[in-house]
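Pasted below: run-v8.cif, mmCIF, C-alpha atoms and all ligand atoms.
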data_upload
#
loop_
_atom_site.label_atom_id
_atom_site.label_comp_id
_atom_site.auth_asym_id
_atom_site.auth_seq_id
_atom_site.Cartn_x
_atom_site.Cartn_y
_atom_site.Cartn_z
CA MET A 5 -13.47 -4.53 -7.45
CA ASP A 6 -11.47 -7.36 -9.00
CA PRO A 7 -9.44 -9.13 -6.25
CA ASP A 8 -6.24 -8.64 -8.29
CA ASP A 9 -6.89 -4.91 -8.65
CA GLN A 10 -7.62 -4.68 -4.93
CA ARG A 11 -4.39 -6.52 -4.06
CA GLU A 12 -2.53 -4.03 -6.22
CA ALA A 13 -4.33 -1.03 -4.70
CA LEU A 14 -3.34 -2.17 -1.20
CA ALA A 15 0.29 -3.07 -2.02
CA PRO A 16 1.69 0.31 -0.82
CA TYR A 17 -0.33 -0.02 2.41
CA ARG A 18 1.04 -3.53 3.09
CA ALA A 19 4.62 -2.65 2.10
CA LYS A 20 4.78 0.04 4.80
CA ARG A 21 3.74 -2.25 7.67
CA ASP A 22 4.99 -5.32 9.55
CA PHE A 23 1.81 -7.18 10.48
CA SER A 24 3.68 -9.34 12.99
CA ARG A 25 4.24 -6.15 15.02
CA THR A 26 1.17 -3.97 14.47
CA ASP A 27 -2.42 -5.03 15.10
CA GLU A 28 -3.65 -2.93 12.17
CA PRO A 29 -5.58 -5.14 9.69
CA ALA A 30 -3.66 -6.59 6.72
CA GLY A 31 -6.84 -6.42 4.67
CA ALA A 32 -8.40 -9.67 3.45
CA PRO A 33 -9.66 -9.62 -0.15
CA GLU A 34 -13.13 -10.45 1.12
CA GLY A 35 -12.93 -7.77 3.82
CA ALA A 36 -16.00 -5.72 4.49
CA ALA A 37 -16.30 -2.24 5.92
CA PRO A 38 -18.21 -1.84 9.16
CA SER A 39 -21.69 -0.70 8.25
CA GLY A 40 -22.97 2.69 9.28
CA PRO A 41 -26.41 3.62 10.53
CA ALA A 42 -29.02 2.18 8.18
CA ASP A 43 -31.50 4.94 8.89
CA VAL A 44 -32.50 5.95 5.38
CA ALA A 45 -33.66 3.86 2.45
CA LEU A 46 -31.76 5.15 -0.57
CA PRO A 47 -33.33 5.65 -3.98
CA GLU A 48 -32.00 3.29 -6.65
CA GLY A 49 -28.82 4.30 -8.43
CA VAL A 50 -27.45 6.36 -5.55
CA GLU A 51 -23.77 5.66 -4.93
CA THR A 52 -22.97 5.13 -1.28
CA GLY A 53 -20.26 3.67 0.95
CA ALA A 54 -18.63 3.78 4.33
CA PHE A 55 -16.67 6.72 5.64
CA VAL A 56 -14.43 6.92 8.66
CA VAL A 57 -12.27 9.52 10.35
CA GLN A 58 -9.39 8.49 12.60
CA GLU A 59 -7.55 10.91 14.87
CA HIS A 60 -3.94 9.80 14.65
CA ASP A 61 -1.02 11.15 16.64
CA ALA A 62 1.92 9.97 14.55
CA ARG A 63 4.88 12.29 13.92
CA ARG A 64 2.26 15.02 13.74
CA LEU A 65 -1.33 14.96 14.90
CA HIS A 66 -3.76 14.64 12.00
CA TYR A 67 -7.17 13.25 11.11
CA ASP A 68 -7.32 10.46 8.52
CA PHE A 69 -10.40 11.00 6.36
CA ARG A 70 -11.36 7.85 4.46
CA LEU A 71 -14.09 7.05 1.91
CA GLU A 72 -14.99 3.58 0.62
CA VAL A 73 -14.49 3.57 -3.15
CA ASP A 74 -13.91 0.50 -5.38
CA GLY A 75 -13.35 -1.90 -2.47
CA VAL A 76 -10.73 0.13 -0.60
CA LEU A 77 -10.68 3.17 1.69
CA LYS A 78 -9.43 6.19 -0.25
CA SER A 79 -7.53 8.23 2.33
CA TRP A 80 -6.40 11.77 3.07
CA ALA A 81 -4.45 13.08 6.07
CA VAL A 82 -6.08 16.29 7.31
CA PRO A 83 -3.71 18.06 9.75
CA ARG A 84 -6.37 20.32 11.30
CA GLY A 85 -9.24 17.88 10.94
CA PRO A 86 -12.68 18.50 9.43
CA SER A 87 -14.49 21.76 10.13
CA THR A 88 -18.21 22.51 10.11
CA ASP A 89 -17.42 26.07 8.96
CA PRO A 90 -17.99 26.44 5.17
CA ASN A 91 -15.32 29.17 5.13
CA ALA A 92 -12.64 26.87 6.58
CA LYS A 93 -10.55 25.18 3.90
CA ARG A 94 -8.76 22.23 5.46
CA LEU A 95 -5.65 20.88 3.77
CA ALA A 96 -6.04 17.16 2.96
CA VAL A 97 -2.96 15.25 1.76
CA PRO A 98 -3.65 11.94 -0.04
CA THR A 99 -2.18 8.82 1.60
CA GLU A 100 -2.13 5.20 0.45
CA ASP A 101 -5.40 3.26 -0.01
CA HIS A 102 -6.33 1.34 3.15
CA PRO A 103 -8.27 -1.95 3.42
CA LEU A 104 -11.97 -1.67 4.28
CA GLU A 105 -11.36 -3.37 7.66
CA TYR A 106 -9.23 -0.38 8.65
CA GLY A 107 -12.52 1.45 9.17
CA GLY A 108 -12.92 -0.47 12.43
CA TYR A 109 -9.36 0.02 13.66
CA GLU A 110 -8.46 1.82 16.86
CA GLY A 111 -5.26 1.22 18.78
CA VAL A 112 -1.68 2.20 19.32
CA ILE A 113 0.67 1.50 16.41
CA PRO A 114 3.96 0.26 17.94
CA GLU A 115 7.14 2.37 18.15
CA GLY A 116 9.37 1.91 15.12
CA GLY A 117 6.44 0.96 12.86
CA TYR A 118 4.91 3.08 10.11
CA GLY A 119 2.59 5.71 11.62
CA ALA A 120 3.64 4.80 15.18
CA GLY A 121 1.34 6.34 17.77
CA PRO A 122 -2.28 6.19 18.92
CA SER A 123 -5.07 6.16 16.33
CA LEU A 124 -8.60 6.75 17.57
CA LEU A 125 -11.85 6.05 15.71
CA TRP A 126 -13.14 9.62 15.74
CA ASP A 127 -16.18 9.22 13.45
CA ARG A 128 -17.82 6.65 11.20
CA GLY A 129 -20.89 6.33 9.08
CA THR A 130 -21.95 6.28 5.48
CA TYR A 131 -21.70 8.74 2.62
CA ILE A 132 -23.80 9.44 -0.43
CA ASN A 133 -22.03 10.61 -3.58
CA LEU A 134 -23.36 14.02 -4.62
CA SER A 135 -20.67 14.72 -7.24
CA HIS A 136 -21.98 16.16 -10.47
CA ASP A 137 -20.66 17.91 -13.55
CA ARG A 138 -21.48 21.41 -14.82
CA THR A 139 -24.67 20.20 -16.46
CA GLY A 140 -25.81 18.65 -13.17
CA ALA A 141 -25.25 15.07 -14.36
CA PRO A 142 -24.02 12.70 -11.59
CA VAL A 143 -20.32 11.79 -11.62
CA PRO A 144 -19.33 8.38 -10.16
CA MET A 145 -16.84 8.48 -7.26
CA THR A 146 -14.03 6.89 -9.31
CA ALA A 147 -14.37 9.55 -12.00
CA ALA A 148 -14.72 12.35 -9.43
CA LEU A 149 -11.47 11.22 -7.75
CA ALA A 150 -9.67 11.20 -11.10
CA LYS A 151 -11.03 14.66 -11.95
CA GLY A 152 -9.98 15.99 -8.56
CA HIS A 153 -13.35 17.18 -7.32
CA LEU A 154 -15.92 15.27 -5.35
CA SER A 155 -18.86 16.08 -3.18
CA VAL A 156 -20.36 13.80 -0.55
CA TRP A 157 -23.18 13.85 1.96
CA LEU A 158 -21.95 12.37 5.24
CA ARG A 159 -24.16 10.57 7.74
CA GLY A 160 -21.79 10.04 10.63
CA GLU A 161 -22.10 10.13 14.39
CA LYS A 162 -20.42 13.56 14.38
CA LEU A 163 -20.11 14.74 10.79
CA VAL A 164 -23.40 15.33 9.03
CA GLY A 165 -24.19 17.08 5.75
CA GLY A 166 -22.29 17.99 2.61
CA TRP A 167 -18.51 18.20 2.23
CA SER A 168 -16.40 18.72 -0.85
CA LEU A 169 -12.86 17.56 -1.60
CA THR A 170 -10.98 19.44 -4.29
CA ARG A 171 -7.46 18.82 -5.60
CA ILE A 172 -5.24 21.90 -5.65
CA GLU A 173 -1.73 22.44 -6.92
CA ASN A 174 0.98 22.58 -4.32
CA SER A 175 3.53 24.80 -6.01
CA ARG A 176 6.15 24.50 -3.26
CA ASP A 177 7.01 20.81 -3.53
CA GLY A 178 4.77 19.57 -6.35
CA LYS A 179 3.05 17.08 -4.04
CA GLU A 180 -0.67 16.47 -4.48
CA ALA A 181 -2.84 18.34 -2.02
CA TRP A 182 -6.61 18.63 -1.67
CA LEU A 183 -8.94 20.85 0.33
CA LEU A 184 -11.74 19.47 2.51
CA VAL A 185 -14.53 22.02 2.86
CA LYS A 186 -17.97 21.94 4.50
CA ARG A 187 -20.74 22.85 2.12
CA ALA A 188 -23.06 25.67 3.14
CA ASP A 189 -26.12 23.67 4.15
CA ALA A 190 -28.36 23.32 7.18
CA ALA A 191 -25.71 21.20 8.96
CA ALA A 192 -23.01 23.87 8.61
CA ASP A 193 -21.94 25.57 11.83
CA PRO A 194 -19.30 28.28 11.52
CA ASP A 195 -19.16 28.89 15.27
CA SER A 196 -18.33 25.44 16.60
CA ASP A 197 -15.06 23.53 16.57
CA ILE A 198 -16.17 19.92 16.31
CA THR A 199 -12.73 18.35 16.88
CA VAL A 200 -12.46 20.24 20.19
CA GLN A 201 -16.08 19.76 21.24
CA ARG A 202 -16.33 16.07 20.30
CA PRO A 203 -12.87 14.58 21.01
CA ARG A 204 -13.92 11.07 22.08
CA SER A 205 -13.81 7.83 20.13
CA VAL A 206 -17.13 6.67 18.66
CA LEU A 207 -15.95 3.09 19.34
CA SER A 208 -14.58 3.18 22.90
CA GLY A 209 -15.47 6.61 24.27
CA LEU A 210 -11.76 7.16 24.94
CA THR A 211 -9.75 10.30 24.18
CA LEU A 212 -6.40 10.16 22.41
CA ASP A 213 -4.67 10.71 25.76
CA ASP A 214 -6.64 7.78 27.29
CA LEU A 215 -5.53 5.58 24.40
CA ARG A 216 -1.91 6.72 24.68
CA ARG A 217 -1.90 5.96 28.43
CA ARG A 218 -3.45 2.56 27.83
CA GLY A 219 -0.64 1.92 25.34
CA ARG A 220 -2.19 -0.58 22.91
MN MN A 301 -2.56 8.68 9.76
#
Will you turn the file into C-alpha cells for me?
Amino acid sequence: MDPDDQREALAPYRAKRDFSRTDEPAGAPEGAAPSGPADVALPEGVETGAFVVQEHDARRLHYDFRLEVDGVLKSWAVPRGPSTDPNAKRLAVPTEDHPLEYGGYEGVIPEGGYGAGPSLLWDRGTYINLSHDRTGAPVPMTAALAKGHLSVWLRGEKLVGGWSLTRIENSRDGKEAWLLVKRADAAADPDSDITVQRPRSVLSGLTLDDLRRRGR
C-alpha cells in the first residue's frame, strides 16, 4: 500500500486515541504484522496475510476480528465472538482500520480513552483468501471487501478452517453489519464453545480477569 493511502486509512484510528496516554501502537508506516506459524508452503498466487482476534472488554465485551489487507488490519467487532458451529451466525460490526502492529497488542486501555478496558490477544495466525465469484474465479481481498462477501481459511492457534464474512443490511439504524460464519468443513465443531473453552491469551496465557486485575 502507498504510504499516503495507509496514512489516510489509519486517520480515523489515530483521531480516536491519545498516544501519550494509551500504550496501543500509533502505527508506523513501515509497521509489520507479527508473523503467524510458517507451517505450510503456499502455492504461487495465493493471497495471504495475518489475522488476529482480541477479546476486548470496553463498554461491552466483544471480540475484535482483524484481517491484514492492503497494509492495515481490517476490523470487525463481534459481540459474541467467533463460533465453530456452521449454524451460528455471529454479528460483526465494522470498526476503523487498525495498524498492523496492533496485531501484537495486549493491555489495558486507560480510563477515559477510546475503548477503555482490557484487551487480550485471544488468537493470531495467518489466513488464506478463498473468496471466489459464481464462476469459481478467485476474488482478491480488496474486491471481496467492497462486494461484501469474503471467505478465508484461518490457521490460528485456536481458529482453524474456513470462515465467511458477509455484509447484511441493518434495517433498524442503517449501520453496516456483517455476519461471521464458520464454513462446514472438517474443522467445524457445532458442539463446542471455543470462547468458553479457550479463554486464555495466546501471548501471555492470561485471562481477561487476570489482565484487568493486573491493570496495564
Ligand atoms: Mn474493540
What residues have any atom no more than 10 Å from ligand MN 301 (chain A) when counting all atoms listed in the file, and can you list them as an mmCIF file with C-alpha atoms, in the frame of the given file?
data_model
loop_
_atom_site.group_PDB
_atom_site.id
_atom_site.type_symbol
_atom_site.label_atom_id
_atom_site.label_comp_id
_atom_site.auth_asym_id
_atom_site.auth_seq_id
_atom_site.Cartn_x
_atom_site.Cartn_y
_atom_site.Cartn_z
ATOM 1 C CA VAL A 57 -12.270 9.520 10.350
ATOM 2 C CA GLN A 58 -9.390 8.490 12.600
ATOM 3 C CA GLU A 59 -7.550 10.910 14.870
ATOM 4 C CA HIS A 60 -3.940 9.800 14.650
ATOM 5 C CA ASP A 61 -1.020 11.150 16.640
ATOM 6 C CA ALA A 62 1.920 9.970 14.550
ATOM 7 C CA ARG A 63 4.880 12.290 13.920
ATOM 8 C CA ARG A 64 2.260 15.020 13.740
ATOM 9 C CA LEU A 65 -1.330 14.960 14.900
ATOM 10 C CA HIS A 66 -3.760 14.640 12.000
ATOM 11 C CA TYR A 67 -7.170 13.250 11.110
ATOM 12 C CA ASP A 68 -7.320 10.460 8.520
ATOM 13 C CA PHE A 69 -10.400 11.000 6.360
ATOM 14 C CA SER A 79 -7.530 8.230 2.330
ATOM 15 C CA TRP A 80 -6.400 11.770 3.070
ATOM 16 C CA ALA A 81 -4.450 13.080 6.070
ATOM 17 C CA VAL A 82 -6.080 16.290 7.310
ATOM 18 C CA PRO A 83 -3.710 18.060 9.750
ATOM 19 C CA THR A 99 -2.180 8.820 1.600
ATOM 20 C CA GLU A 100 -2.130 5.200 0.450
ATOM 21 C CA TYR A 118 4.910 3.080 10.110
ATOM 22 C CA GLY A 119 2.590 5.710 11.620
ATOM 23 C CA ALA A 120 3.640 4.800 15.180
ATOM 24 C CA GLY A 121 1.340 6.340 17.770
ATOM 25 C CA PRO A 122 -2.280 6.190 18.920
ATOM 26 C CA SER A 123 -5.070 6.160 16.330
#
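Take the candidates A:Val97, A:Leu125, A:Ile132, A:Val76 and check each one against A:Leu210 using only C-alpha atoms; the shortest distance goes to A:Leu125.
Once A:Lys179 and its same-chain neighbours fewer than 6 positions away are set aside, Ala96, Val97, Pro98, Thr99, Arg171, Ile172 and Glu173 of chain A remain within 12 Å of it when counting only C-alpha atoms.
Closest approach to A:Gln10 among A:Gly75, A:Arg187, A:His102, A:Pro29: A:Gly75, based on all atoms listed in the file.
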Using all atoms listed in the file, pick whichever of A:Lys20, A:Arg70, A:Arg11, A:Arg159 has the shortest atom-to-atom distance to A:Gly129.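 Of A:Lys20, A:Arg70, A:Arg11, A:Arg159, the one nearest A:Gly129 is A:Arg159, counting all atoms listed in the file.
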Need to verify the contact set: A:Arg217, 12 Å, only C-alpha atoms, exclusion of same-chain residues closer than 2 positions in sequence. Can you return it as a short mmCIF file (atom, residue, chain, number, x, y, z; two decimals) with C-alpha atoms, keeping the file's coordinate frame?
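Generated output (selection.cif):
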data_model
loop_
_atom_site.label_atom_id
_atom_site.label_comp_id
_atom_site.auth_asym_id
_atom_site.auth_seq_id
_atom_site.Cartn_x
_atom_site.Cartn_y
_atom_site.Cartn_z
CA GLY A 111 -5.26 1.22 18.78
CA VAL A 112 -1.68 2.20 19.32
CA GLY A 121 1.34 6.34 17.77
CA PRO A 122 -2.28 6.19 18.92
CA LEU A 210 -11.76 7.16 24.94
CA THR A 211 -9.75 10.30 24.18
CA LEU A 212 -6.40 10.16 22.41
CA ASP A 213 -4.67 10.71 25.76
CA ASP A 214 -6.64 7.78 27.29
CA LEU A 215 -5.53 5.58 24.40
CA GLY A 219 -0.64 1.92 25.34
CA ARG A 220 -2.19 -0.58 22.91
#
Mind pulling up the distance from atom CA of A:Pro203 to atom CA of A:Leu124?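 Atom CA of A:Pro203 lies at a distance of 9.6 Å from atom CA of A:Leu124.
Ranking A:Arg204, A:Lys162, A:Lys78, A:His136 by their shortest atom-to-atom distance to A:Pro103, with all atoms listed in the file included, puts A:Lys78 first.
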